[in-house]
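S.K.: Below you'll find model34.cif; it's mmCIF, C-alpha atoms.
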data_final
loop_
_atom_site.label_atom_id
_atom_site.label_comp_id
_atom_site.auth_asym_id
_atom_site.auth_seq_id
_atom_site.Cartn_x
_atom_site.Cartn_y
_atom_site.Cartn_z
CA MET A 1 -32.90 141.72 23.65
CA LYS A 2 -29.74 142.51 25.58
CA LYS A 3 -26.47 141.29 24.16
CA LEU A 4 -22.84 141.17 25.25
CA ILE A 5 -20.24 139.97 22.79
CA LEU A 6 -16.96 138.77 24.27
CA LEU A 7 -14.22 137.65 21.90
CA ALA A 8 -11.63 135.52 23.68
CA ILE A 9 -8.22 134.43 22.46
CA ILE A 10 -8.05 130.70 23.03
CA GLY A 11 -5.05 128.92 21.55
CA LEU A 12 -4.63 130.31 18.04
CA GLY A 13 -8.31 130.83 17.33
CA VAL A 14 -10.99 133.33 18.21
CA VAL A 15 -14.07 132.04 20.00
CA SER A 16 -17.23 134.09 20.32
CA CYS A 17 -19.32 133.62 23.46
CA ALA A 18 -22.99 132.90 23.05
CA THR A 19 -25.44 135.76 22.93
CA GLN A 20 -27.42 135.91 26.15
CA ASN A 21 -31.00 136.91 26.67
CA THR A 22 -31.48 138.58 30.01
CA THR A 23 -34.56 138.51 32.16
CA LYS A 24 -36.22 141.84 32.82
CA LYS A 25 -36.09 142.80 36.49
CA MET A 26 -39.28 142.16 38.40
CA THR A 27 -39.39 145.80 39.44
CA GLU A 28 -38.26 149.19 38.16
CA GLN A 29 -34.53 149.53 37.71
CA PRO A 30 -32.75 152.16 39.75
CA LYS A 31 -31.90 155.34 37.93
CA GLU A 32 -29.22 155.78 35.30
CA TRP A 33 -26.50 156.17 37.91
CA LYS A 34 -26.14 152.43 38.50
CA HIS A 35 -24.33 151.98 35.15
CA THR A 36 -21.57 154.47 35.96
CA THR A 37 -21.23 154.22 39.72
CA ASN A 38 -18.54 152.83 41.98
CA ILE A 39 -18.91 151.70 45.59
CA TYR A 40 -16.70 152.67 48.53
CA GLU A 41 -17.18 150.52 51.64
CA VAL A 42 -17.03 152.48 54.89
CA ASN A 43 -15.85 150.64 58.00
CA LEU A 44 -17.08 153.32 60.37
CA ARG A 45 -15.62 151.72 63.50
CA GLN A 46 -12.08 151.85 62.14
CA TYR A 47 -12.33 154.89 59.87
CA THR A 48 -11.55 157.53 62.50
CA LYS A 49 -10.40 157.61 66.12
CA GLU A 50 -13.93 158.70 67.07
CA GLY A 51 -15.58 156.06 64.89
CA THR A 52 -18.71 158.17 64.47
CA PHE A 53 -20.97 159.44 61.71
CA ARG A 54 -20.02 163.04 62.48
CA ALA A 55 -16.30 162.26 62.27
CA PHE A 56 -16.74 160.49 58.96
CA GLU A 57 -18.59 163.46 57.48
CA LYS A 58 -15.28 165.36 57.49
CA GLU A 59 -13.81 162.74 55.13
CA MET A 60 -16.56 162.93 52.50
CA PRO A 61 -15.22 165.94 50.53
CA ARG A 62 -11.93 164.07 50.10
CA LEU A 63 -13.73 160.98 48.83
CA LYS A 64 -15.83 163.09 46.48
CA ALA A 65 -12.64 164.60 45.05
CA MET A 66 -11.31 161.06 44.55
CA GLY A 67 -14.29 160.22 42.36
CA VAL A 68 -16.27 158.05 44.77
CA LYS A 69 -19.95 157.89 43.80
CA THR A 70 -21.67 155.50 46.23
CA LEU A 71 -20.93 155.10 49.95
CA TRP A 72 -21.72 151.70 51.47
CA PHE A 73 -21.89 151.67 55.25
CA MET A 74 -21.32 148.46 57.13
CA PRO A 75 -24.19 147.72 59.55
CA VAL A 76 -25.17 150.70 61.71
CA THR A 77 -27.64 148.84 63.95
CA PRO A 78 -26.94 148.05 67.64
CA ILE A 79 -24.77 145.02 68.36
CA ALA A 80 -26.06 142.10 70.42
CA GLN A 81 -24.18 141.60 73.67
CA GLN A 82 -24.94 137.95 74.41
CA ASN A 83 -22.19 135.68 73.02
CA LYS A 84 -20.55 138.66 71.31
CA LYS A 85 -17.02 138.31 69.99
CA GLY A 86 -14.22 140.47 71.33
CA SER A 87 -14.89 143.56 73.40
CA LEU A 88 -17.05 145.33 70.79
CA GLY A 89 -18.73 142.47 68.94
CA SER A 90 -19.60 142.02 65.28
CA GLN A 91 -21.55 144.66 63.41
CA TYR A 92 -23.27 141.74 61.66
CA ALA A 93 -24.88 140.51 64.92
CA ALA A 94 -27.80 142.93 65.22
CA ALA A 95 -29.72 143.59 68.41
CA ASP A 96 -32.43 145.67 66.72
CA TYR A 97 -33.17 146.32 63.05
CA THR A 98 -34.57 149.84 63.50
CA SER A 99 -32.12 151.52 65.89
CA ILE A 100 -28.63 152.99 65.71
CA ASN A 101 -25.48 151.57 67.27
CA PRO A 102 -24.59 154.18 69.94
CA GLU A 103 -20.93 153.49 69.17
CA PHE A 104 -21.48 155.49 65.96
CA GLY A 105 -23.79 158.25 67.21
CA THR A 106 -27.53 158.86 67.09
CA MET A 107 -30.26 158.46 64.49
CA ASP A 108 -30.15 162.22 63.96
CA ASP A 109 -26.40 161.96 63.35
CA PHE A 110 -27.02 159.29 60.74
CA ARG A 111 -29.70 161.36 59.02
CA HIS A 112 -27.39 164.37 59.04
CA MET A 113 -24.61 162.33 57.44
CA VAL A 114 -26.91 160.91 54.75
CA ASN A 115 -28.22 164.40 53.97
CA GLU A 116 -24.69 165.76 53.74
CA ALA A 117 -23.67 162.86 51.49
CA HIS A 118 -26.62 163.61 49.21
CA ARG A 119 -25.72 167.30 49.17
CA LEU A 120 -22.23 166.36 47.98
CA GLY A 121 -23.67 164.13 45.25
CA PHE A 122 -23.13 160.69 46.80
CA LYS A 123 -25.58 157.81 46.80
CA VAL A 124 -25.80 155.99 50.13
CA ILE A 125 -26.45 152.28 50.65
CA MET A 126 -26.44 150.41 53.94
CA ASP A 127 -25.57 146.86 54.88
CA TRP A 128 -28.65 144.73 55.50
CA VAL A 129 -28.20 141.48 57.46
CA ALA A 130 -31.34 139.46 56.79
CA ASN A 131 -30.19 135.91 57.41
CA HIS A 132 -29.52 136.17 61.12
CA THR A 133 -29.44 138.34 64.24
CA GLY A 134 -27.51 138.37 67.50
CA TRP A 135 -28.64 136.21 70.42
CA ASP A 136 -30.41 139.04 72.27
CA HIS A 137 -32.07 140.79 69.36
CA VAL A 138 -35.40 142.28 70.43
CA TRP A 139 -37.22 139.66 68.36
CA THR A 140 -35.83 136.85 70.52
CA LYS A 141 -38.06 138.20 73.30
CA THR A 142 -41.02 139.61 71.39
CA HIS A 143 -41.18 137.05 68.59
CA PRO A 144 -39.11 133.93 69.35
CA GLU A 145 -41.17 132.13 66.70
CA PHE A 146 -39.30 134.19 64.08
CA TYR A 147 -36.23 131.97 64.56
CA LEU A 148 -35.09 128.52 63.50
CA LYS A 149 -34.86 126.16 66.46
CA ASP A 150 -32.74 123.13 67.27
CA PRO A 151 -34.47 119.90 68.36
CA ASP A 152 -34.08 120.93 72.01
CA GLY A 153 -35.94 124.19 71.30
CA SER A 154 -32.90 126.47 71.49
CA PHE A 155 -32.11 129.04 68.84
CA HIS A 156 -30.17 127.67 65.87
CA ARG A 157 -26.63 129.01 65.55
CA ALA A 158 -25.58 130.17 62.10
CA SER A 159 -23.09 127.92 60.36
CA GLY A 160 -19.63 128.37 61.82
CA MET A 161 -20.51 131.53 63.78
CA ASP A 162 -21.29 131.33 67.48
CA ASP A 163 -22.48 134.92 67.93
CA ILE A 164 -25.47 134.80 65.56
CA ILE A 165 -28.72 132.82 65.23
CA GLU A 166 -30.73 132.17 62.08
CA LEU A 167 -34.19 133.43 61.20
CA ASP A 168 -37.00 131.22 59.89
CA TYR A 169 -38.09 132.35 56.43
CA LYS A 170 -41.01 129.94 56.47
CA ASN A 171 -42.59 132.35 58.96
CA GLN A 172 -44.59 134.84 56.92
CA GLU A 173 -45.00 137.30 59.79
CA MET A 174 -41.21 137.45 60.19
CA ARG A 175 -40.84 138.24 56.49
CA LEU A 176 -43.29 141.12 56.77
CA ALA A 177 -41.50 142.43 59.85
CA MET A 178 -38.18 142.29 58.00
CA ILE A 179 -39.65 144.19 55.06
CA ASP A 180 -41.10 146.80 57.40
CA ALA A 181 -37.68 147.25 58.99
CA MET A 182 -36.12 147.85 55.58
CA LYS A 183 -38.84 150.37 54.74
CA PHE A 184 -38.06 152.19 57.99
CA TRP A 185 -34.61 153.20 56.76
CA ILE A 186 -35.90 154.44 53.42
CA ARG A 187 -38.66 156.53 55.01
CA GLU A 188 -36.65 157.81 57.96
CA THR A 189 -33.21 158.41 56.45
CA GLY A 190 -33.60 158.51 52.65
CA ILE A 191 -30.88 156.00 51.80
CA ASP A 192 -30.61 154.83 48.18
CA GLY A 193 -30.29 151.08 48.50
CA PHE A 194 -28.98 148.02 50.30
CA ARG A 195 -25.92 145.83 50.27
CA CYS A 196 -27.47 142.51 51.33
CA ASP A 197 -25.19 140.40 53.50
CA LEU A 198 -25.04 136.69 52.64
CA ALA A 199 -27.93 137.22 50.25
CA SER A 200 -27.91 133.63 48.99
CA TRP A 201 -28.29 132.29 52.55
CA VAL A 202 -31.79 133.77 52.41
CA GLU A 203 -34.40 132.16 50.15
CA VAL A 204 -34.57 133.98 46.82
CA ASP A 205 -38.34 134.26 47.05
CA PHE A 206 -37.95 136.55 50.07
CA TRP A 207 -35.94 139.03 48.01
CA GLN A 208 -38.54 138.67 45.25
CA GLN A 209 -41.17 139.58 47.83
CA ALA A 210 -39.16 142.32 49.56
CA ARG A 211 -37.82 144.40 46.69
CA PRO A 212 -41.12 145.52 45.11
CA GLU A 213 -42.61 146.15 48.55
CA VAL A 214 -39.73 148.31 49.73
CA GLU A 215 -39.58 150.10 46.38
CA LYS A 216 -43.13 151.32 46.77
CA ILE A 217 -41.34 154.17 48.54
CA LYS A 218 -38.74 154.80 45.82
CA PRO A 219 -36.53 152.87 43.36
CA LEU A 220 -33.38 151.53 45.02
CA PHE A 221 -30.04 149.96 44.20
CA TRP A 222 -29.59 146.38 45.44
CA ILE A 223 -26.26 144.57 45.59
CA GLY A 224 -26.21 141.03 46.98
CA GLU A 225 -23.35 139.16 48.57
CA TYR A 226 -23.49 136.06 46.38
CA ASP A 227 -21.81 134.86 43.21
CA GLU A 228 -24.17 134.64 40.26
CA LEU A 229 -22.27 131.75 38.72
CA GLU A 230 -23.35 129.71 41.76
CA ASN A 231 -26.74 131.33 42.41
CA PRO A 232 -28.08 132.52 39.02
CA GLU A 233 -31.68 132.85 40.20
CA TYR A 234 -30.73 135.77 42.46
CA GLY A 235 -29.68 137.81 39.43
CA LYS A 236 -33.35 138.31 38.59
CA VAL A 237 -33.73 140.37 41.78
CA PHE A 238 -30.41 142.10 42.41
CA ASP A 239 -28.77 144.83 40.36
CA ALA A 240 -25.28 143.55 41.16
CA SER A 241 -23.58 140.60 42.80
CA TYR A 242 -20.15 139.68 44.08
CA SER A 243 -17.42 138.02 42.03
CA TRP A 244 -16.17 135.61 44.68
CA LYS A 245 -15.03 132.94 42.22
CA TRP A 246 -12.95 135.54 40.38
CA MET A 247 -11.40 136.80 43.61
CA HIS A 248 -10.40 133.30 44.73
CA LYS A 249 -9.23 132.24 41.28
CA SER A 250 -7.12 135.37 40.78
CA GLU A 251 -5.51 134.91 44.20
CA ASP A 252 -4.70 131.29 43.33
CA TYR A 253 -3.42 132.45 39.95
CA TYR A 254 -0.84 134.66 41.63
CA LYS A 255 0.13 132.42 44.53
CA LYS A 256 0.03 129.07 42.73
CA ASN A 257 1.22 130.22 39.28
CA LEU A 258 -1.92 129.06 37.47
CA PRO A 259 -2.17 129.56 33.69
CA ILE A 260 -3.63 132.97 32.81
CA GLN A 261 -6.07 131.17 30.51
CA GLU A 262 -7.95 130.03 33.60
CA LEU A 263 -8.70 133.66 34.41
CA LYS A 264 -9.87 134.35 30.86
CA ASP A 265 -12.09 131.27 30.85
CA LEU A 266 -13.72 132.36 34.10
CA LEU A 267 -14.40 135.84 32.70
CA ILE A 268 -16.13 134.25 29.73
CA GLN A 269 -18.40 132.40 32.17
CA TYR A 270 -19.27 135.66 33.92
CA SER A 271 -19.91 137.40 30.61
CA ASN A 272 -22.25 134.60 29.54
CA ILE A 273 -24.57 135.62 32.40
CA GLY A 274 -25.47 138.69 30.35
CA ASP A 275 -26.31 142.22 31.44
CA GLY A 276 -29.50 141.69 33.42
CA SER A 277 -27.34 142.16 36.49
CA MET A 278 -23.76 143.28 37.10
CA ARG A 279 -20.76 141.99 38.99
CA ALA A 280 -18.85 143.96 41.63
CA TRP A 281 -15.08 143.59 41.21
CA PHE A 282 -12.74 144.19 44.14
CA THR A 283 -9.32 143.47 45.57
CA SER A 284 -10.31 143.99 49.21
CA ASN A 285 -13.31 144.33 51.53
CA HIS A 286 -13.95 144.02 55.26
CA ASP A 287 -13.94 140.20 55.26
CA GLU A 288 -10.92 139.84 53.02
CA ASN A 289 -8.83 142.43 54.80
CA SER A 290 -9.47 141.12 58.32
CA TRP A 291 -9.38 137.39 57.69
CA ASN A 292 -7.37 136.75 54.51
CA GLY A 293 -5.09 139.77 54.26
CA THR A 294 -4.67 143.00 52.37
CA GLU A 295 -4.65 143.12 48.59
CA TYR A 296 -0.85 143.16 48.73
CA GLU A 297 -0.77 139.97 50.74
CA LYS A 298 -3.09 138.32 48.23
CA TYR A 299 -1.82 139.72 44.94
CA GLY A 300 1.70 140.98 45.56
CA VAL A 301 3.13 142.72 42.52
CA ILE A 302 -0.11 142.46 40.52
CA ALA A 303 -2.20 144.31 43.13
CA LYS A 304 -2.32 147.45 40.99
CA PRO A 305 -3.14 145.63 37.72
CA MET A 306 -5.94 143.84 39.60
CA ALA A 307 -7.27 147.21 40.80
CA VAL A 308 -7.18 148.53 37.23
CA PHE A 309 -9.12 145.48 36.09
CA SER A 310 -11.74 146.00 38.82
CA ALA A 311 -12.39 149.55 37.63
CA THR A 312 -12.47 148.85 33.89
CA TRP A 313 -14.10 145.45 33.35
CA ASN A 314 -17.86 145.18 32.85
CA GLY A 315 -19.52 145.85 36.20
CA ILE A 316 -18.97 147.98 39.30
CA PRO A 317 -15.67 148.70 41.08
CA LEU A 318 -15.80 148.21 44.83
CA LEU A 319 -13.20 149.82 47.12
CA TYR A 320 -12.62 149.35 50.83
CA SER A 321 -11.72 151.88 53.50
CA GLY A 322 -8.06 152.81 53.40
CA GLN A 323 -7.14 151.44 49.99
CA GLU A 324 -6.32 154.98 48.91
CA LEU A 325 -3.42 155.10 51.42
CA PRO A 326 -2.77 152.18 50.83
CA ASN A 327 -3.63 150.49 54.13
CA MET A 328 -1.07 147.72 54.60
CA LYS A 329 -2.48 146.07 57.73
CA ARG A 330 -5.30 143.71 58.60
CA LEU A 331 -7.89 145.62 60.60
CA GLN A 332 -9.25 143.87 63.66
CA PHE A 333 -12.91 143.01 63.38
CA PHE A 334 -14.18 142.90 66.97
CA GLU A 335 -11.93 145.55 68.52
CA LYS A 336 -11.18 149.21 67.94
CA ASP A 337 -8.31 149.31 65.45
CA PRO A 338 -8.34 152.62 63.54
CA ILE A 339 -6.84 153.00 60.09
CA GLN A 340 -3.51 154.82 60.42
CA TRP A 341 -4.26 157.74 58.13
CA THR A 342 -1.53 160.06 56.89
CA ASN A 343 -1.71 163.18 54.76
CA ASN A 344 -0.03 161.26 51.97
CA TYR A 345 -2.76 159.36 50.16
CA GLN A 346 -0.38 157.62 47.77
CA MET A 347 -3.09 155.78 45.84
CA ALA A 348 -5.68 158.55 45.72
CA GLU A 349 -4.67 159.90 42.29
CA PHE A 350 -4.48 156.37 40.92
CA TYR A 351 -8.05 155.65 42.03
CA LYS A 352 -9.25 159.11 41.04
CA THR A 353 -8.08 158.53 37.47
CA LEU A 354 -9.79 155.14 37.29
CA LEU A 355 -13.03 156.14 39.01
CA ASN A 356 -13.46 159.28 36.92
CA LEU A 357 -12.79 157.29 33.74
CA LYS A 358 -15.35 154.70 34.81
CA SER A 359 -18.02 157.33 35.46
CA SER A 360 -17.35 159.48 32.39
CA ASN A 361 -16.47 157.16 29.50
CA PRO A 362 -19.48 155.41 27.90
CA ALA A 363 -17.26 152.45 26.98
CA LEU A 364 -17.00 151.54 30.67
CA ARG A 365 -20.71 151.56 31.45
CA GLY A 366 -21.54 148.51 33.51
CA GLY A 367 -24.45 146.29 32.55
CA ASP A 368 -25.00 148.06 29.24
CA PRO A 369 -25.65 145.76 26.26
CA ASN A 370 -24.36 148.46 23.90
CA VAL A 371 -20.83 147.96 25.24
CA GLY A 372 -18.71 145.30 23.58
CA THR A 373 -15.77 143.72 25.41
CA TYR A 374 -12.91 142.12 23.48
CA LEU A 375 -9.93 140.18 24.77
CA LEU A 376 -6.98 141.17 22.60
CA ASN A 377 -4.20 139.03 21.19
CA THR A 378 -0.65 139.91 22.25
CA THR A 379 2.71 138.31 21.64
CA ALA A 380 2.76 137.33 25.34
CA ASN A 381 -0.74 135.97 25.97
CA ASP A 382 0.58 133.83 28.82
CA LYS A 383 1.61 136.92 30.83
CA ILE A 384 -0.24 139.93 29.45
CA PHE A 385 -3.97 140.50 29.81
CA SER A 386 -5.30 143.10 27.39
CA TYR A 387 -8.84 144.02 26.44
CA LEU A 388 -10.80 146.64 24.58
CA ARG A 389 -14.21 147.99 25.56
CA LYS A 390 -16.29 149.79 22.93
CA ASN A 391 -19.49 151.80 22.95
CA GLY A 392 -20.10 153.53 19.63
CA ASN A 393 -17.11 155.79 18.96
CA HIS A 394 -15.88 155.49 22.54
CA GLU A 395 -13.12 152.99 23.27
CA VAL A 396 -11.04 152.11 26.32
CA LEU A 397 -7.95 149.91 26.02
CA VAL A 398 -6.52 148.16 29.08
CA VAL A 399 -3.11 146.45 29.17
CA LEU A 400 -2.00 144.58 32.31
CA ASN A 401 1.16 142.69 33.17
CA MET A 402 -0.28 139.81 35.16
CA SER A 403 3.09 138.11 35.62
CA LYS A 404 5.94 138.47 38.09
CA ASP A 405 8.38 139.12 35.24
CA PRO A 406 9.36 141.97 32.93
CA VAL A 407 7.74 141.45 29.52
CA ASP A 408 8.45 142.86 26.07
CA PHE A 409 5.45 142.39 23.82
CA SER A 410 3.18 143.90 21.23
CA ILE A 411 -0.57 143.88 20.68
CA GLU A 412 -1.44 142.15 17.41
CA ASP A 413 -5.21 142.34 17.08
CA GLU A 414 -7.56 143.56 14.37
CA HIS A 415 -9.90 145.15 16.90
CA LEU A 416 -7.28 147.72 17.93
CA SER A 417 -6.53 150.65 15.66
CA GLY A 418 -6.12 154.41 15.73
CA SER A 419 -4.83 156.89 18.29
CA PHE A 420 -5.48 156.74 22.03
CA LYS A 421 -4.45 158.80 25.05
CA ASN A 422 -2.93 157.17 28.13
CA VAL A 423 -5.18 158.28 31.01
CA PHE A 424 -2.31 158.16 33.51
CA THR A 425 0.57 159.73 31.54
CA LYS A 426 -1.62 161.84 29.18
CA MET A 427 0.64 160.73 26.30
CA ASN A 428 -0.86 159.88 22.91
CA ARG A 429 -0.13 156.65 21.11
CA ASN A 430 -0.97 155.67 17.55
CA PHE A 431 -1.49 151.94 17.47
CA GLU A 432 -1.03 151.83 13.72
CA LYS A 433 2.64 152.55 14.43
CA GLU A 434 3.33 151.88 18.11
CA LYS A 435 2.26 148.41 19.13
CA THR A 436 5.23 147.46 21.31
CA PHE A 437 5.38 147.65 25.11
CA ASN A 438 8.15 147.09 27.65
CA PHE A 439 6.45 146.27 30.94
CA LYS A 440 8.05 145.75 34.31
CA PRO A 441 6.35 143.54 36.92
CA GLY A 442 3.23 145.31 38.13
CA ASP A 443 2.98 147.60 35.10
CA TYR A 444 -0.33 148.57 33.55
CA ALA A 445 -1.65 151.03 30.99
CA VAL A 446 -5.11 152.39 30.27
CA PHE A 447 -5.94 154.34 27.10
CA GLU A 448 -9.09 156.04 25.86
CA LYS A 449 -10.08 157.11 22.37
#
Mind turning the file's structure into structure tokens?
M.R.:
Amino acid sequence: MKKLILLAIIGLGVVSCATQNTTKKMTEQPKEWKHTTNIYEVNLRQYTKEGTFRAFEKEMPRLKAMGVKTLWFMPVTPIAQQNKKGSLGSQYAAADYTSINPEFGTMDDFRHMVNEAHRLGFKVIMDWVANHTGWDHVWTKTHPEFYLKDPDGSFHRASGMDDIIELDYKNQEMRLAMIDAMKFWIRETGIDGFRCDLASWVEVDFWQQARPEVEKIKPLFWIGEYDELENPEYGKVFDASYSWKWMHKSEDYYKKNLPIQELKDLLIQYSNIGDGSMRAWFTSNHDENSWNGTEYEKYGVIAKPMAVFSATWNGIPLLYSGQELPNMKRLQFFEKDPIQWTNNYQMAEFYKTLLNLKSSNPALRGGDPNVGTYLLNTTANDKIFSYLRKNGNHEVLVVLNMSKDPVDFSIEDEHLSGSFKNVFTKMNRNFEKEKTFNFKPGDYAVFEK
């Protein structure tokens, strides 16, 4: 039985969340690395002036030094030209599931990049867009019966998106063709898993069918773009899911001055899901950056505390291209708009500290029932968010100023005791004697025992 205990400060009392049984995955779990990994999303089009696999290869040693473990590549398949948006089109409107977008290079270039990533110690996952294709995908000509149709017989446009049309998952031959296409990338390039776009727009029984079939080649890591609070049945298939409700709630918290208790209550709901699957925590990604703004537009002064949370709460931290700069602009989606790199990666050391702590400290293992997570009581519970994660003798303490104000406070909680080292300043603190903090807006602290 897997168990996660979360103690939450609510009012003046302590409430313990219910113990959760978790359903065993229908297929073999990926290797040990999933519990300690992080994911870095690569927007290849905008990453370099060239926008190619070969150009990106030159960046991988830097990312390795920053502590990145898993590289997620946005779709690398050719882009449909009919009804495309902008001059380049959306990478999520595929024209062929088993070919390479010439904008990025060749299949050999992709293989070379994956091999080099593996040599450097990275895992590689690729974006898989199963719900829909572009209007002139090869299947529209060879297998038009694979698609949903409108009453007039035309292809059915995906909700709210004119450049893509939806597939018909009642068609068993289409399902098998989709599974074969996924197998192609495992056999031909050796990738380690999939990030499944709009996973909950596809019937869950397809993923239940696809995963064991594809994993006949090798065990893989599967992260789905869905929120498990809204689609719990998908958690029996995927290793990790998105935390969309958290992202929206935390943005509203900052912009609309919501009570911090609403954030804590939502985290309790996520924790009640249990450890059969994990959540990915993030402050930015390709959709958020392009359409809703950078993390600084969304979170202002608490952008850094939110990033610390994403790397230290139970689950998997997810970073987006350019956050190590930091990138302060919205990247265009359908046009060439390269990240404006400099030699001054201001946030690289910040992320390196967090990512290395995540991968090395057993108290931060994601999806591990042996890790306990405790919300701690402070003298400023309405502004300060503090928690302790424990795994045996290993402990990590996180303290975040989630307000727009300076705060003087102390941690008054029986779960915290002994000496810790601040992972950023390297200073030791004995919490038997030093419980008081003086935080400015945007301040944070992370300690390990």
S.K.: Taking the file as shown, what set of residues would the PyMOL selection byres ((chain A and resi 125) around 7) give back, as a list of chain:residue names?
M.R.: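 When the PyMOL selection byres ((chain A and resi 125) around 7) is applied to the shown file, the picked residues are A:Leu71, A:Trp72, A:Phe73, A:Lys123, A:Val124, A:Met126, A:Asp127, A:Ile191, A:Asp192, A:Gly193, A:Phe194, A:Arg195.
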S.K.: Which residues, named as in the file, does the PyMOL selection byres ((chain A and resi 177) around 12) pick out? Answer as a PDB file with C-alpha atoms, keeping the file's coordinate frame.
M.R.:
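Final output, out-v5.pdb:
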ATOM      1  CA  ASP A  96     -32.430 145.670  66.720  1.00  0.00           C
ATOM      2  CA  TYR A  97     -33.170 146.320  63.050  1.00  0.00           C
ATOM      3  CA  THR A  98     -34.570 149.840  63.500  1.00  0.00           C
ATOM      4  CA  ALA A 130     -31.340 139.460  56.790  1.00  0.00           C
ATOM      5  CA  TRP A 139     -37.220 139.660  68.360  1.00  0.00           C
ATOM      6  CA  THR A 142     -41.020 139.610  71.390  1.00  0.00           C
ATOM      7  CA  HIS A 143     -41.180 137.050  68.590  1.00  0.00           C
ATOM      8  CA  PHE A 146     -39.300 134.190  64.080  1.00  0.00           C
ATOM      9  CA  LEU A 167     -34.190 133.430  61.200  1.00  0.00           C
ATOM     10  CA  TYR A 169     -38.090 132.350  56.430  1.00  0.00           C
ATOM     11  CA  ASN A 171     -42.590 132.350  58.960  1.00  0.00           C
ATOM     12  CA  GLN A 172     -44.590 134.840  56.920  1.00  0.00           C
ATOM     13  CA  GLU A 173     -45.000 137.300  59.790  1.00  0.00           C
ATOM     14  CA  MET A 174     -41.210 137.450  60.190  1.00  0.00           C
ATOM     15  CA  ARG A 175     -40.840 138.240  56.490  1.00  0.00           C
ATOM     16  CA  LEU A 176     -43.290 141.120  56.770  1.00  0.00           C
ATOM     17  CA  MET A 178     -38.180 142.290  58.000  1.00  0.00           C
ATOM     18  CA  ILE A 179     -39.650 144.190  55.060  1.00  0.00           C
ATOM     19  CA  ASP A 180     -41.100 146.800  57.400  1.00  0.00           C
ATOM     20  CA  ALA A 181     -37.680 147.250  58.990  1.00  0.00           C
ATOM     21  CA  MET A 182     -36.120 147.850  55.580  1.00  0.00           C
ATOM     22  CA  LYS A 183     -38.840 150.370  54.740  1.00  0.00           C
ATOM     23  CA  PHE A 184     -38.060 152.190  57.990  1.00  0.00           C
ATOM     24  CA  PHE A 206     -37.950 136.550  50.070  1.00  0.00           C
ATOM     25  CA  ALA A 210     -39.160 142.320  49.560  1.00  0.00           C
ATOM     26  CA  GLU A 213     -42.610 146.150  48.550  1.00  0.00           C
ATOM     27  CA  VAL A 214     -39.730 148.310  49.730  1.00  0.00           C
TER      28      VAL A 214
END
S.K.: Would you list the contacts of A:Lys329 as a PyMOL selection string, taking every protein, DNA or RNA residue within 12 Å and counting all atoms listed in the file, but skipping same-chain residues closer than 2 positions in sequence?
M.R.: chain A and resi 284+286+288-297+321-323+325-327+331-332+337-341
S.K.: Excluding stretch 115-122 of chain A and residues on its chain fewer than 3 positions from it, collect all residues at most 9 Å away from it, counting all atoms listed in the file, and give them as number ranges by chain.
M.R.: A: 57, 60-61, 64, 68-71, 110-112, 189-190
S.K.: Counting all atoms listed in the file, which of A:Phe333, A:Tyr47, A:Tyr253, A:Trp313 gets nearest to A:Trp281?
M.R.: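 Of the candidates, the smallest distance to A:Trp281 is held by A:Trp313.
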S.K.: The PyMOL selection byres ((chain A and resi 316) around 10) - which residues does that actually catch in the file I just gave you? List them as a PyMOL selection string.
M.R.: chain A and resi 34-39+240-242+278-282+310-315+317-319+358+364-367
S.K.: Emit the selected residues as a compact mmCIF listing (two decimals), keeping the file's coordinate frame, including C-alpha atoms.
M.R.:
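The resulting file, selection.txt, is shown below:
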# COMPACT_ATOMS: atom_id res chain seq x y z
CA LYS A 34 -26.14 152.43 38.50
CA HIS A 35 -24.33 151.98 35.15
CA THR A 36 -21.57 154.47 35.96
CA THR A 37 -21.23 154.22 39.72
CA ASN A 38 -18.54 152.83 41.98
CA ILE A 39 -18.91 151.70 45.59
CA ALA A 240 -25.28 143.55 41.16
CA SER A 241 -23.58 140.60 42.80
CA TYR A 242 -20.15 139.68 44.08
CA MET A 278 -23.76 143.28 37.10
CA ARG A 279 -20.76 141.99 38.99
CA ALA A 280 -18.85 143.96 41.63
CA TRP A 281 -15.08 143.59 41.21
CA PHE A 282 -12.74 144.19 44.14
CA SER A 310 -11.74 146.00 38.82
CA ALA A 311 -12.39 149.55 37.63
CA THR A 312 -12.47 148.85 33.89
CA TRP A 313 -14.10 145.45 33.35
CA ASN A 314 -17.86 145.18 32.85
CA GLY A 315 -19.52 145.85 36.20
CA PRO A 317 -15.67 148.70 41.08
CA LEU A 318 -15.80 148.21 44.83
CA LEU A 319 -13.20 149.82 47.12
CA LYS A 358 -15.35 154.70 34.81
CA LEU A 364 -17.00 151.54 30.67
CA ARG A 365 -20.71 151.56 31.45
CA GLY A 366 -21.54 148.51 33.51
CA GLY A 367 -24.45 146.29 32.55
S.K.: Check the smallest atom-to-atom distance from each of A:Phe334, A:Glu225, A:Leu220, A:Phe424 to A:Lys31 using only C-alpha atoms, then report the winner.
M.R.: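 Once distances to A:Lys31 are computed over only C-alpha atoms, the minimum belongs to A:Leu220.
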S.K.: Under the rule that only C-alpha atoms are counted, which of A:Arg429, A:Glu448, A:Asp405, A:Pro259 is the nearest residue to A:Leu388?
M.R.: A:Glu448
S.K.: Need the shell around A:Leu266: protein/DNA/RNA residues with any atom at most 10 Å away, counting all atoms listed in the file. Skip same-chain ones fewer than 5 positions apart. Format as a PyMOL selection string?
M.R.: chain A and resi 229+245-246+249-250+261+271-272
S.K.: Could you state the separation of atom CA of A:Phe439 and atom CA of A:Val407 in Å, given to one decimal place?
M.R.: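 Going from atom CA of A:Phe439 over to atom CA of A:Val407, I get 5.2 Å.
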